[in-house]
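A.B. asks: What follows is input_34.cif, made up of mmCIF, C-alpha atoms and all ligand atoms:
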data_input
#
loop_
_atom_site.label_atom_id
_atom_site.label_comp_id
_atom_site.auth_asym_id
_atom_site.auth_seq_id
_atom_site.Cartn_x
_atom_site.Cartn_y
_atom_site.Cartn_z
CA MET A 116 36.72 112.66 171.41
CA ILE A 117 38.85 110.34 173.55
CA ALA A 118 42.19 109.06 172.24
CA VAL A 119 44.18 106.16 173.68
CA TYR A 120 47.94 106.25 173.21
CA PRO A 121 49.13 102.69 173.87
CA GLY A 122 52.74 101.60 174.20
CA SER A 123 55.49 100.08 176.27
CA PHE A 124 57.03 103.41 177.37
CA ASP A 125 60.07 101.62 178.81
CA PRO A 126 60.91 104.41 179.48
CA ILE A 127 58.99 107.42 178.14
CA THR A 128 61.19 109.57 175.84
CA LEU A 129 60.92 113.19 174.72
CA GLY A 130 59.51 111.79 171.46
CA HIS A 131 56.62 110.15 173.35
CA LEU A 132 56.10 113.33 175.36
CA ASP A 133 55.91 115.35 172.16
CA VAL A 134 53.13 113.06 170.82
CA ILE A 135 51.29 113.23 174.18
CA GLU A 136 51.40 117.04 174.34
CA ARG A 137 50.22 117.42 170.75
CA GLY A 138 47.53 114.75 171.27
CA CYS A 139 46.23 116.69 174.28
CA ARG A 140 45.79 119.76 172.05
CA LEU A 141 43.82 117.73 169.48
CA PHE A 142 41.55 115.58 171.65
CA GLU A 143 39.25 116.23 174.59
CA GLN A 144 40.96 113.51 176.56
CA VAL A 145 44.09 111.43 176.00
CA ILE A 146 44.72 108.20 177.87
CA VAL A 147 48.30 106.98 177.89
CA ALA A 148 47.95 103.22 178.28
CA VAL A 149 51.05 101.31 179.38
CA LEU A 150 50.99 97.72 178.15
CA ILE A 151 51.53 94.99 180.75
CA ASN A 152 53.37 92.47 178.59
CA PRO A 153 54.32 89.20 180.33
CA LEU A 154 56.38 88.19 177.25
CA LYS A 155 58.84 91.07 177.67
CA THR A 156 61.35 91.79 180.42
CA PRO A 157 61.17 95.57 180.79
CA LEU A 158 63.81 97.71 182.50
CA PHE A 159 61.16 99.53 184.54
CA THR A 160 58.07 98.02 186.17
CA VAL A 161 54.66 99.16 184.96
CA GLN A 162 54.24 101.14 188.19
CA GLN A 163 57.59 102.89 187.66
CA ARG A 164 56.71 103.72 184.06
CA ILE A 165 53.32 105.14 185.09
CA GLU A 166 55.07 107.26 187.73
CA GLN A 167 57.67 108.47 185.21
CA ILE A 168 54.91 109.53 182.80
CA ARG A 169 52.89 111.16 185.58
CA CYS A 170 55.90 113.14 186.77
CA CYS A 171 56.62 114.77 183.37
CA THR A 172 53.00 115.40 182.31
CA GLN A 173 51.66 117.33 185.29
CA HIS A 174 51.02 120.36 183.05
CA LEU A 175 48.48 118.41 180.98
CA THR A 176 45.00 118.59 182.49
CA ASN A 177 43.20 116.35 179.97
CA LEU A 178 45.59 113.44 180.32
CA GLU A 179 45.06 110.16 182.10
CA ILE A 180 47.68 107.48 182.65
CA ASP A 181 46.66 103.86 182.96
CA SER A 182 47.89 100.34 182.30
CA PHE A 183 46.28 97.47 180.46
CA ASP A 184 46.83 93.89 179.43
CA GLY A 185 45.38 91.86 176.58
CA LEU A 186 44.26 93.40 173.32
CA THR A 187 44.55 97.14 172.80
CA VAL A 188 41.17 97.23 171.05
CA THR A 189 39.48 95.63 174.08
CA TYR A 190 40.92 98.35 176.29
CA VAL A 191 39.91 101.05 173.78
CA LYS A 192 36.36 99.68 173.67
CA ASN A 193 36.09 99.46 177.47
CA ARG A 194 37.24 103.08 177.76
CA GLN A 195 34.75 104.16 175.06
CA ALA A 196 37.52 105.84 173.09
CA GLN A 197 37.21 106.58 169.40
CA VAL A 198 40.85 107.05 168.45
CA LEU A 199 44.10 105.14 168.76
CA LEU A 200 47.00 107.57 168.79
CA ARG A 201 50.48 106.59 167.59
CA GLY A 202 53.62 108.46 166.62
CA LEU A 203 55.37 107.89 163.29
CA ARG A 204 59.10 108.57 163.22
CA VAL A 205 60.67 107.18 160.09
CA LEU A 206 59.69 105.10 157.06
CA SER A 207 60.69 101.88 158.82
CA ASP A 208 57.94 102.49 161.42
CA PHE A 209 55.34 102.74 158.71
CA GLU A 210 54.95 99.09 157.72
CA TYR A 211 54.54 97.84 161.30
CA GLU A 212 52.24 100.71 162.28
CA LEU A 213 50.05 100.29 159.20
CA GLN A 214 49.81 96.55 159.84
CA MET A 215 48.73 97.24 163.43
CA ALA A 216 46.22 99.89 162.36
CA HIS A 217 44.61 97.54 159.83
CA THR A 218 44.57 94.62 162.28
CA ASN A 219 43.05 96.76 165.01
CA LYS A 220 40.41 98.04 162.57
CA SER A 221 39.54 94.46 161.58
CA LEU A 222 38.98 93.71 165.29
CA LEU A 223 37.13 96.94 166.07
CA PRO A 224 35.81 98.61 162.89
CA GLN A 225 34.73 101.85 164.59
CA ILE A 226 38.26 102.63 165.78
CA GLU A 227 40.39 105.15 163.87
CA THR A 228 44.16 105.16 164.25
CA VAL A 229 45.58 108.68 164.07
CA PHE A 230 49.31 109.02 163.43
CA LEU A 231 51.24 112.09 164.44
CA ALA A 232 54.50 112.66 162.62
CA THR A 233 57.08 112.84 165.36
CA SER A 234 58.78 116.22 165.53
CA ASN A 235 61.97 116.29 163.51
CA GLU A 236 64.33 116.51 166.44
CA TYR A 237 62.99 113.22 167.88
CA SER A 238 62.66 111.22 164.66
CA PHE A 239 65.71 109.07 165.52
CA LEU A 240 64.75 108.46 169.13
CA SER A 241 63.67 105.15 170.68
CA SER A 242 63.42 103.76 174.22
CA SER A 243 65.75 100.90 173.27
CA LEU A 244 68.49 103.26 172.08
CA VAL A 245 68.10 105.38 175.21
CA LYS A 246 68.54 102.27 177.40
CA GLU A 247 71.61 101.20 175.41
CA ILE A 248 73.24 104.62 175.74
CA ALA A 249 72.48 104.73 179.48
CA LYS A 250 73.84 101.21 180.00
CA LEU A 251 77.08 102.20 178.28
CA GLY A 252 77.42 105.31 180.44
CA GLY A 253 76.48 107.87 177.78
CA PRO A 254 74.40 111.03 178.33
CA VAL A 255 70.62 110.78 177.88
CA SER A 256 69.38 114.04 179.41
CA HIS A 257 68.67 115.48 175.93
CA LEU A 258 66.55 112.44 175.01
CA VAL A 259 64.27 111.81 177.98
CA PRO A 260 62.44 113.92 180.60
CA LYS A 261 64.63 114.99 183.56
CA ASN A 262 63.04 112.54 186.01
CA VAL A 263 63.64 109.63 183.63
CA ALA A 264 67.28 110.62 183.10
CA LEU A 265 67.72 110.46 186.89
CA ASP A 266 66.06 107.01 187.02
CA LEU A 267 68.34 105.77 184.24
CA GLU A 268 71.40 107.06 186.06
O1 LIG B 301 55.50 101.13 172.23
P1 LIG B 301 55.31 99.85 171.47
O2 LIG B 301 55.97 98.71 172.20
O3 LIG B 301 55.74 99.97 170.04
O4 LIG B 301 53.72 99.57 171.49
C1 LIG B 301 53.19 98.44 170.84
C2 LIG B 301 51.74 98.21 171.28
C3 LIG B 301 51.63 98.14 172.79
C4 LIG B 301 50.87 99.35 170.78
C5 LIG B 301 51.25 96.87 170.62
O5 LIG B 301 52.20 95.87 170.85
C6 LIG B 301 49.91 96.43 171.16
O6 LIG B 301 48.90 97.01 170.87
N1 LIG B 301 49.94 95.35 171.99
C7 LIG B 301 48.77 94.84 172.69
C8 LIG B 301 48.32 93.49 172.14
C9 LIG B 301 47.52 93.70 170.88
O7 LIG B 301 46.49 94.35 170.87
N2 LIG B 301 48.03 93.12 169.77
C10 LIG B 301 47.46 93.31 168.46
C11 LIG B 301 47.94 94.65 167.88
S1 LIG B 301 47.69 94.69 166.19
#
Output the structure of this file as C-alpha cells.
C.D. replies:
Amino acid sequence: MIAVYPGSFDPITLGHLDVIERGCRLFEQVIVAVLINPLKTPLFTVQQRIEQIRCCTQHLTNLEIDSFDGLTVTYVKNRQAQVLLRGLRVLSDFEYELQMAHTNKSLLPQIETVFLATSNEYSFLSSSLVKEIAKLGGPVSHLVPKNVALDLE
C-alpha cells in the first residue's frame, strides 16, 4: 500500500519526521509530497524543503520525496496511492483535518485518510512556531532536525 503525506513542510519539524518514520513502518511506500502553493510566501523554496527532508530521512529506504501543485487528490490518483497520511496533534487540528478528509473523499471516493496521533513530545509543535522562535533568536535545535536548525540559523 502506498501512502502520500502531503504538506507545506516549511520547514520539516521533528513532529513531521515522527509521522514519516512511523508511516514508513506501516506502509510499503510513503511519498512525502511538498505542496507548491503560489498563494503562500514560504520561508524556504520548494527545492530547499525537499533537500531538508531528504537530508534527515536518509535512513528510510521506502520513502520518496516529491513536490506537487493543484489538488492533493489528483496527485494521489496519479501516483496510484491508496492512503493519505496526516498527523493529528491536538483537538484544534481535528476539525480542519476532518473537513479535509471528507472533502478529499468526496473528490476521490477510493482514498482513505489515515491519521497518526503525533507523539506526545511533539503535540505542541508547528512549523510556524519554529519560524517565529528562530526569527526572535530563540533555540530550535530540540524542535527540528539538525540540518534544518542550521538552515534556520
Ligand atoms: O502542512 P499543511 O500546510 O497543513 O498541509 C495542507 C495541505 C497541503 C495538505 C492542504 O492544504 C492541501 O491538500 N492542499 C492542496 C490543495 C487541495 O487539494 N485542496 C483541497 C483539500 S481538502
A.B. asks: Using all atoms listed in the file, which residue out of A:Ile146, A:Ala249, A:Pro224, A:Val205 lies closest to Glu236 in chain A?
C.D. replies: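 Among A:Ile146, A:Ala249, A:Pro224, A:Val205, it is A:Val205 that comes nearest to Glu236 in chain A.
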A.B. asks: Do you know which residues are within 10 Å of ligand LIG 301 (chain B) using all atoms listed in the file? Can you write them as a PyMOL selection string?
C.D. replies: chain A and resi 119-127+131+148-152+155+183-191+199-202+208+211-222+241-242
A.B. asks: Record the distance separating CA of Leu265 in chain A and CA of Ile168 in chain A, expressed in Å with one decimal.
C.D. replies: 13.5 Å
A.B. asks: Using only C-alpha atoms, which protein or nucleic acid residues come within 12 Å of Asp133 in chain A? Drop anything in the same chain fewer than 3 positions from it, and give the result as a list of chain:residue names.
C.D. replies: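 Residues meeting the cut-off are A:Ile127, A:Thr128, A:Leu129, A:Gly130, A:Glu136, A:Arg137, A:Gly138, A:Cys139, A:Arg140, A:Cys171, A:Thr172, A:Leu175, A:Arg201, A:Gly202, A:Leu203, A:Arg204, A:Leu231, A:Ala232, A:Thr233, A:Ser234, A:Asn235, A:Glu236, A:Tyr237, A:Ser238, A:Leu240, A:Leu258, A:Val259, A:Pro260.
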A.B. asks: What does the file look like for those residues with C-alpha atoms, as a short mmCIF file (atom, residue, chain, number, x, y, z; two decimals), in the coordinates of the input?
C.D. replies:
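Output (selection.cif):
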data_model
loop_
_atom_site.label_atom_id
_atom_site.label_comp_id
_atom_site.auth_asym_id
_atom_site.auth_seq_id
_atom_site.Cartn_x
_atom_site.Cartn_y
_atom_site.Cartn_z
CA ILE A 127 58.99 107.42 178.14
CA THR A 128 61.19 109.57 175.84
CA LEU A 129 60.92 113.19 174.72
CA GLY A 130 59.51 111.79 171.46
CA GLU A 136 51.40 117.04 174.34
CA ARG A 137 50.22 117.42 170.75
CA GLY A 138 47.53 114.75 171.27
CA CYS A 139 46.23 116.69 174.28
CA ARG A 140 45.79 119.76 172.05
CA CYS A 171 56.62 114.77 183.37
CA THR A 172 53.00 115.40 182.31
CA LEU A 175 48.48 118.41 180.98
CA ARG A 201 50.48 106.59 167.59
CA GLY A 202 53.62 108.46 166.62
CA LEU A 203 55.37 107.89 163.29
CA ARG A 204 59.10 108.57 163.22
CA LEU A 231 51.24 112.09 164.44
CA ALA A 232 54.50 112.66 162.62
CA THR A 233 57.08 112.84 165.36
CA SER A 234 58.78 116.22 165.53
CA ASN A 235 61.97 116.29 163.51
CA GLU A 236 64.33 116.51 166.44
CA TYR A 237 62.99 113.22 167.88
CA SER A 238 62.66 111.22 164.66
CA LEU A 240 64.75 108.46 169.13
CA LEU A 258 66.55 112.44 175.01
CA VAL A 259 64.27 111.81 177.98
CA PRO A 260 62.44 113.92 180.60
#
A.B. asks: Can you report as JSON the centre and edge lengths in Å, to one decimal, of an axis-aligned box around the listed atoms of range 263-266 of chain A padded with 6 Å on each side?
C.D. replies:
{"center_x": 65.7, "center_y": 108.8, "center_z": 185.1, "size_x": 16.1, "size_y": 15.6, "size_z": 15.9}
A.B. asks: Return the single residue from A:Ser243, A:Gln195, A:Gln173, A:Ser256 that is closest to Ile226 in chain A, with distances computed using all atoms listed in the file.
C.D. replies: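 Counting all atoms listed in the file, the residue closest to Ile226 in chain A is A:Gln195.
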A.B. asks: Find the residue from A:Leu267, A:Ile117, A:Glu143, A:Asn262 that sits nearest to Lys250 in chain A; use only C-alpha atoms when measuring.
C.D. replies: A:Leu267
A.B. asks: Which distance in Å separates CA of Pro254 in chain A and CA of Phe239 in chain A, to one decimal?
C.D. replies: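 Computing the Euclidean distance for CA of Pro254 in chain A and CA of Phe239 in chain A yields 15.6 Å.
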A.B. asks: Can you tell me, as a PDB file with C-alpha atoms, keeping the file's coordinate frame, what residues are no more than 9 Å from Met116 in chain A when counting only C-alpha atoms, ignoring any on the same chain fewer than 4 positions away?
C.D. replies:
ATOM      1  CA  LEU A 141      43.820 117.730 169.480  1.00  0.00           C
ATOM      2  CA  PHE A 142      41.550 115.580 171.650  1.00  0.00           C
ATOM      3  CA  GLU A 143      39.250 116.230 174.590  1.00  0.00           C
ATOM      4  CA  GLN A 144      40.960 113.510 176.560  1.00  0.00           C
ATOM      5  CA  VAL A 145      44.090 111.430 176.000  1.00  0.00           C
ATOM      6  CA  ALA A 196      37.520 105.840 173.090  1.00  0.00           C
ATOM      7  CA  GLN A 197      37.210 106.580 169.400  1.00  0.00           C
ATOM      8  CA  VAL A 198      40.850 107.050 168.450  1.00  0.00           C
TER       9      VAL A 198
END
A.B. asks: Quick one: pull the distance between CA of Val229 in chain A and CA of Ser207 in chain A, Å, one decimal.
C.D. replies: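 Atom-to-atom, CA of Val229 in chain A to CA of Ser207 in chain A, that is 17.4 Å.
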A.B. asks: For a quick check of understanding, using all atoms listed in the file, which of A:Gln225, A:Gln167, A:Asn177, A:Gln162 has the smallest distance to Lys192 in chain A?
C.D. replies: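 Selected residue with least distance to Lys192 in chain A: A:Gln225.
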A.B. asks: Using only C-alpha atoms, pick whichever of A:Glu247, A:Phe230, A:Leu206, A:Asp181 has the shortest atom-to-atom distance to Val134 in chain A.
C.D. replies: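 Closest candidate: A:Phe230.
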A.B. asks: Mind rebuilding range 174-189 of chain A with N, CA and C atoms and writing that out as a PDB file, keeping the file's coordinate frame?
C.D. replies:
ATOM      1  N   HIS A 174      51.583 119.152 183.656  1.00  0.00           N
ATOM      2  CA  HIS A 174      51.020 120.360 183.050  1.00  0.00           C
ATOM      3  C   HIS A 174      49.831 120.047 182.137  1.00  0.00           C
ATOM      4  N   LEU A 175      49.547 118.778 181.913  1.00  0.00           N
ATOM      5  CA  LEU A 175      48.480 118.410 180.980  1.00  0.00           C
ATOM      6  C   LEU A 175      47.233 117.989 181.751  1.00  0.00           C
ATOM      7  N   THR A 176      46.181 118.817 181.639  1.00  0.00           N
ATOM      8  CA  THR A 176      45.000 118.590 182.490  1.00  0.00           C
ATOM      9  C   THR A 176      44.036 117.556 181.897  1.00  0.00           C
ATOM     10  N   ASN A 177      44.138 117.312 180.581  1.00  0.00           N
ATOM     11  CA  ASN A 177      43.200 116.350 179.970  1.00  0.00           C
ATOM     12  C   ASN A 177      43.879 115.019 179.666  1.00  0.00           C
ATOM     13  N   LEU A 178      44.861 114.689 180.510  1.00  0.00           N
ATOM     14  CA  LEU A 178      45.590 113.440 180.320  1.00  0.00           C
ATOM     15  C   LEU A 178      45.347 112.476 181.469  1.00  0.00           C
ATOM     16  N   GLU A 179      45.163 111.207 181.092  1.00  0.00           N
ATOM     17  CA  GLU A 179      45.060 110.160 182.100  1.00  0.00           C
ATOM     18  C   GLU A 179      46.122 109.109 181.803  1.00  0.00           C
ATOM     19  N   ILE A 180      46.669 108.516 182.844  1.00  0.00           N
ATOM     20  CA  ILE A 180      47.680 107.480 182.650  1.00  0.00           C
ATOM     21  C   ILE A 180      47.161 106.197 183.277  1.00  0.00           C
ATOM     22  N   ASP A 181      47.257 105.112 182.505  1.00  0.00           N
ATOM     23  CA  ASP A 181      46.660 103.860 182.960  1.00  0.00           C
ATOM     24  C   ASP A 181      47.537 102.716 182.446  1.00  0.00           C
ATOM     25  N   SER A 182      47.219 101.513 182.862  1.00  0.00           N
ATOM     26  CA  SER A 182      47.890 100.340 182.300  1.00  0.00           C
ATOM     27  C   SER A 182      46.829  99.367 181.819  1.00  0.00           C
ATOM     28  N   PHE A 183      47.239  98.457 180.952  1.00  0.00           N
ATOM     29  CA  PHE A 183      46.280  97.470 180.460  1.00  0.00           C
ATOM     30  C   PHE A 183      47.016  96.205 180.062  1.00  0.00           C
ATOM     31  N   ASP A 184      46.264  95.090 180.037  1.00  0.00           N
ATOM     32  CA  ASP A 184      46.830  93.890 179.430  1.00  0.00           C
ATOM     33  C   ASP A 184      45.838  93.364 178.411  1.00  0.00           C
ATOM     34  N   GLY A 185      46.258  92.402 177.622  1.00  0.00           N
ATOM     35  CA  GLY A 185      45.380  91.860 176.580  1.00  0.00           C
ATOM     36  C   GLY A 185      45.406  92.746 175.340  1.00  0.00           C
ATOM     37  N   LEU A 186      44.318  92.669 174.589  1.00  0.00           N
ATOM     38  CA  LEU A 186      44.260  93.400 173.320  1.00  0.00           C
ATOM     39  C   LEU A 186      44.033  94.894 173.529  1.00  0.00           C
ATOM     40  N   THR A 187      44.735  95.688 172.741  1.00  0.00           N
ATOM     41  CA  THR A 187      44.550  97.140 172.800  1.00  0.00           C
ATOM     42  C   THR A 187      43.115  97.521 172.467  1.00  0.00           C
ATOM     43  N   VAL A 188      42.542  96.858 171.448  1.00  0.00           N
ATOM     44  CA  VAL A 188      41.170  97.230 171.050  1.00  0.00           C
ATOM     45  C   VAL A 188      40.143  96.954 172.158  1.00  0.00           C
ATOM     46  N   THR A 189      40.395  95.924 172.962  1.00  0.00           N
ATOM     47  CA  THR A 189      39.480  95.630 174.080  1.00  0.00           C
ATOM     48  C   THR A 189      39.526  96.772 175.085  1.00  0.00           C
TER      49      THR A 189
END
